[in-house]
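First comes the structure, then the notes that go with it.
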Amino acid sequence: MNILVCIAKAPDTTTKIKFSPSANALDGNGVTWIVNPSDEWYALVRALELKEAAGQGKVSIVTVGPAEDDSIIRKALAVGADEAFRINMQPDCAASVAAQIAAWIHQQPFDFILTGKETIDYNGSVMGGLLAAELDLPYIPLIEKLTVQSGCATLSRDIGGGTEEVQVQGPFVASATKGLAEQRIPNMRGIMAARTKPIHVVEPQPLESTVQYLDFALPAEKGACKMIDPDNMDELVRLLHSEAKAL
Amino acid sequence: MNVLVYIDLQLGRPRKNAAELLTYAHKMAAGGAVTALVLGPCSEDLAQLGDFGAQRVLHLSAPELASFDGLVYGKLLAEAVAFTQSDALLLAFDHSGKAIAPVAAAKLKAGLVAGAVGLPQGNLFPVKAFSGKALAKVRVLTAQWIIALTPNSIPAERNSCPAAVEAWTPSSIPVSKIQVIAKHKNDSDIPLPEAERVVSGGRGLKGPENWGLIEELAHELGAATACSRPVSDIGWRPHHEHVGQTGITIRPNLYIAAGISGAIQHLAGVNSSKTIVVINSDAEAPFFKAADYGVVGDAFEVLPKLTQAIKKFKAEQA
């Protein structure tokens with residue numbers, strides 16, 4: 001079983017967000033970077049579980065990023081991935097990230113490809129779909145379960161108000177959501193082993209961006225919270241109706 | 001500008017967000033053509049989409065489309081964009097839109113705005129980033145635009161048009177490699193990401209047996225129910241109810257949180273809600289800083305009182 005997991009770098013969930021003076025990017029000073037949670041906790045860990053259950057195979061990870069991202073890649077290798085590929089460029093938009101990864105996968109196919117449901121920075125949640133379209137593979141987003149038996153995968157996906165169980169023969173792309181696996185904390189052996197696992201550097205294709213993010217800003221602060229007497233819920237309902245127009 | 005709007009079906013009927021999407025398309029088209037596209041068998045008269053500004057409705061009622069496949073739908077949408085000579089494709093940034101939009105974008109080589117939260121200025125679309133902790137703009141650099149609109153971004157407005165419903169025949173319907181073997185409906189009637197009102201509970205409720213308090217209030221309000229991460233991690237509530245940074249992001253008109261302290265990760269999932277009510281016994285809970293209305297009190301006493309007050313309000317309004 002030869003599985004690819006696409007991972008992204010993301011600011012730690014507790015990061016206090018601030019922006020560069022041009023407001024076109026996050027100010028990275030003092031930010032702790034992590035592997036994007038749904039890529040690591042759900043996609044990567046489920047891939048490892050499937051490899052372990054099969055007793056053979058390989059779990060590779062790929063990311064698009066500059067050399068400084070190797071420290072993030074080592075974290076994913078410490079969780080248990082066998083080898084890593086880094087497409088050597090600053091990622092600019094989901095479409096170009098997907099196109100870069102797709103161009104590379106064309107040289108080197110996998111049994112299936114997993115990624116997280118979204119990154120916690122841009123929250124686009126479209127990389128998996130873009131990648132599937134580039135590769136012309138079936139795409140199953142938001143999966144909560146994944147089992148594989150003799151080349152046939154059974155997946156359970158969130159369909160908004162319910163779940164759907166589906167089967168796919170052959171390669172596919174799926175995005176992982178909560179429930180697919182549990183986060184694994186790397187142990188010392190994993191961290192030591194990660195130091196010597198290979199990170200292959202892949203040079204990017206010349207591609208043009210299709211969208212550009214700019215004008216980052218913090219939302220306006222909320223006004224002071226109005227405190228309501230817990231014995232006077234009629235007052236709360238009155239305010240929700242007449243002031244907030246929420247009822 | 002000519003806009004093609006993809007209208008998603010749920011159990012053979014247009015989803016509730018159709019009205020918002022068509023309103024947005026009508027405003028964006030600014031006099032151009034607004035065409036609605038419906039894929040799959042439908043049990044309702046689609047001419048009703050004209051109520052919100054569709055001038056033309058294309059319907060492809062192939063039974064095989066009852067099984068959803070983002071790759072198949074995305075390819076059909078890309079063909080429909082060419083067929084209708086549309087400049088922009090609009091769809092919802094929900095579970096199906098997130099699967100279809102990127103496929104259409106990749107096939108058309110068009111720029112994709114993932115999660116617009118308002119109308120554009122020129123080719124600049126407002127979006128949220130960093131799980132609602134920031135605002136940003138997305139500039140589309142291509143001639144064709146694909147816009148995925150976050151639910152509850154703009155109010156729906158009626159723009160009555162006499163919509164002509166036409167059967168649409170694409171060059172071919174791609175064969176899906178995905179086989180649906182079972183469907184399960186969640187117990188809740190209202191899908192959380194689309195809900196206009198949400199009542200949410202945290203560890204302060206002390207156990208799953210106390211969720212009746214949340215459900216009764218939600219029932220009176222016609223709201224969906226949600227929970228914090230620890231609650232879904234310990235299994236008190238299903239994963240699909242977890243709102244927050246690593247769960248789902250919601251932006252209802254009204255969010256009522258009981259027994260949730262308001263960690264930064266939880267706020268990230270709910271801070272786009274229009275009105276936030278926080279009920280917590282700890283007056284120092286950080287959630288009050290993000291709330292519009294706060295009640296310091298025991299959720300076990302406050303929730304039933306609030307439910308009663310809502311009942312009374314509804315009786316007075318009736």
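Residue numbering restarts at 1 in every chain; chains get A, B, ... in the order shown in the structure tokens, and ligands count up from 1 in that same order.
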
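By only C-alpha atoms, and with residues fewer than 6 positions from Lys18 (chain A) along its chain excluded, the set lying at most 9 Å from it is Ala25, Leu26, Asp27, Gly28, Phe216, Ala217 and Leu218 of chain A; Ala134 of chain B.
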
Those same residues, written as a tab-separated table (two decimals), in the first residue's frame with N, CA and C atoms?
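Below is the file that was written, result-v9.tsv:
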```
chain	number	residue	atom	x	y	z
A	25	ALA	N	0.21	39.50	4.02
A	25	ALA	CA	0.57	38.19	4.56
A	25	ALA	C	0.58	38.26	6.09
A	26	LEU	N	0.58	37.06	6.69
A	26	LEU	CA	0.71	36.97	8.14
A	26	LEU	C	2.12	37.42	8.54
A	27	ASP	N	2.21	38.17	9.64
A	27	ASP	CA	3.51	38.52	10.19
A	27	ASP	C	4.01	37.29	10.95
A	28	GLY	N	5.03	36.64	10.42
A	28	GLY	CA	5.49	35.38	10.98
A	28	GLY	C	6.36	35.51	12.22
A	216	PHE	N	-5.28	42.03	4.42
A	216	PHE	CA	-5.64	41.34	5.66
A	216	PHE	C	-5.91	42.38	6.75
A	217	ALA	N	-6.90	42.13	7.55
A	217	ALA	CA	-7.21	43.05	8.65
A	217	ALA	C	-7.87	42.27	9.77
A	218	LEU	N	-7.81	42.82	10.97
A	218	LEU	CA	-8.49	42.18	12.09
A	218	LEU	C	-9.93	42.67	12.13
B	134	ALA	N	-9.44	36.86	11.11
B	134	ALA	CA	-9.02	37.95	10.23
B	134	ALA	C	-9.96	38.09	9.05
```

Residues within 8 Å of Met227 (chain A), please, as a PyMOL selection string. Count only C-alpha atoms; anything in the same chain fewer than 3 positions from it doesn't count. chain B and resi 293-296

Could you tell me which residues of chain B sit within 6 Å of chain A when counting only C-alpha atoms, and give me the result as a PyMOL selection string? chain B and resi 99+102-103+106+111+114+129-130+134-142+178-186+191+254+291-295+297+306+309

Can you check which residues of region 26-68 of chain B DSSP gives as helix (DSSP H, G or I) on the backbone and send them as a PyMOL selection string? chain B and resi 26-29+46-52+63-66

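The neighbours of Val199 (chain B) here are the residues that come within 8 Å of it, using only C-alpha atoms and leaving out any residue fewer than 5 positions away in the same chain; they are Ile214, Glu215, Leu217, Ala218, Ala223, Ala224, Thr225, Ala226, Tyr255, Ile256, Ala257 and Ala258 of chain B.
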
For Arg74 (chain A), please output as a VMD selection string all residues within 7 Å (counting only C-alpha atoms; exclusion window: fewer than 3 positions along the same chain). chain A and resid 70 to 71 77 to 78 194 to 195

Keeping only N, CA and C atoms, write those residues as a PDB file, in the first residue's frame.
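Output file out.pdb is given in full below:
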```
ATOM      1  N   ASP A  70      11.345  22.549   6.322  1.00  0.00           N
ATOM      2  CA  ASP A  70      11.838  21.214   6.664  1.00  0.00           C
ATOM      3  C   ASP A  70      11.581  20.883   8.137  1.00  0.00           C
ATOM      4  N   SER A  71      11.585  21.904   9.008  1.00  0.00           N
ATOM      5  CA  SER A  71      11.347  21.623  10.432  1.00  0.00           C
ATOM      6  C   SER A  71       9.929  21.105  10.653  1.00  0.00           C
ATOM      7  N   LEU A  77       7.338  13.517   9.909  1.00  0.00           N
ATOM      8  CA  LEU A  77       8.143  12.290   9.824  1.00  0.00           C
ATOM      9  C   LEU A  77       8.244  11.642  11.207  1.00  0.00           C
ATOM     10  N   ALA A  78       8.283  12.490  12.258  1.00  0.00           N
ATOM     11  CA  ALA A  78       8.369  11.950  13.621  1.00  0.00           C
ATOM     12  C   ALA A  78       7.091  11.217  14.002  1.00  0.00           C
ATOM     13  N   ALA A 194      13.181  10.484  12.674  1.00  0.00           N
ATOM     14  CA  ALA A 194      12.809  11.510  11.689  1.00  0.00           C
ATOM     15  C   ALA A 194      14.012  12.283  11.200  1.00  0.00           C
ATOM     16  N   ARG A 195      15.046  12.355  12.054  1.00  0.00           N
ATOM     17  CA  ARG A 195      16.236  13.139  11.679  1.00  0.00           C
ATOM     18  C   ARG A 195      16.945  12.578  10.456  1.00  0.00           C
TER      19      ARG A 195
END
```

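Taking only C-alpha atoms, the non-local environment of Leu44 (chain A) within 9 Å (same-chain residues fewer than 2 positions away omitted) comprises A:Leu4, A:Val5, A:Cys6, A:Ile7, A:Ser38, A:Asp39, A:Glu40, A:Trp41, A:Tyr42, A:Arg46, A:Ala47, A:Leu48, A:Glu49, A:Val59, A:Ile61, A:Ala76, A:Val79, A:Gly80, A:Ala81, A:Leu114, A:Thr115, A:Gly116, A:Ala181.
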
Output C-alpha atoms for every residue in the selection just made, as a PDB file, in the first residue's frame.
```
ATOM      1  CA  LEU A   4       0.512   9.932  -0.181  1.00  0.00           C
ATOM      2  CA  VAL A   5      -0.507  12.507   2.428  1.00  0.00           C
ATOM      3  CA  CYS A   6      -0.439  16.198   1.483  1.00  0.00           C
ATOM      4  CA  ILE A   7       0.497  18.380   4.431  1.00  0.00           C
ATOM      5  CA  SER A  38      -6.438  17.925  10.013  1.00  0.00           C
ATOM      6  CA  ASP A  39      -3.516  16.934   7.734  1.00  0.00           C
ATOM      7  CA  GLU A  40      -1.590  15.478  10.668  1.00  0.00           C
ATOM      8  CA  TRP A  41      -4.161  14.268  13.178  1.00  0.00           C
ATOM      9  CA  TYR A  42      -6.588  12.649  10.740  1.00  0.00           C
ATOM     10  CA  ARG A  46      -5.140   7.096   9.317  1.00  0.00           C
ATOM     11  CA  ALA A  47      -2.606   6.472   6.534  1.00  0.00           C
ATOM     12  CA  LEU A  48      -0.172   5.086   9.105  1.00  0.00           C
ATOM     13  CA  GLU A  49      -2.869   2.892  10.669  1.00  0.00           C
ATOM     14  CA  VAL A  59       3.408   6.486   3.652  1.00  0.00           C
ATOM     15  CA  ILE A  61       4.211  13.115   2.599  1.00  0.00           C
ATOM     16  CA  ALA A  76       5.289  14.770  10.339  1.00  0.00           C
ATOM     17  CA  VAL A  79       4.686  10.959  13.727  1.00  0.00           C
ATOM     18  CA  GLY A  80       5.650   8.079  11.416  1.00  0.00           C
ATOM     19  CA  ALA A  81       5.706   8.998   7.714  1.00  0.00           C
ATOM     20  CA  LEU A 114      -5.199  11.963   1.582  1.00  0.00           C
ATOM     21  CA  THR A 115      -5.195  15.511   2.838  1.00  0.00           C
ATOM     22  CA  GLY A 116      -6.857  17.437   5.657  1.00  0.00           C
ATOM     23  CA  ALA A 181      -8.220   8.980  13.453  1.00  0.00           C
TER      24      ALA A 181
END
```

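Compared by their closest atoms to Val3 (chain B), and using only C-alpha atoms, the residues B:Gly122, B:Gly53, B:Gly40, B:Gly262 rank with B:Gly53 nearest.
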
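Note that CA of His219 (chain B) and CA of Arg15 (chain B) are 20.7 Å apart.
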
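We find CA of Glu44 (chain B) and CA of His240 (chain B) to be spaced 29.0 Å apart.
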
Please give the complete set of residues from region 65-177 of chain A that DSSP, run on the backbone, assigns to strand (DSSP E or B), formatted as a VMD selection string. chain A and resid 83 to 87 112 to 116 139 to 149 152 to 158 162 to 169 173 to 176

Atomic separation - CA of Ala54 (chain B) relative to CA of Ala88 (chain B), Å: 14.3 Å
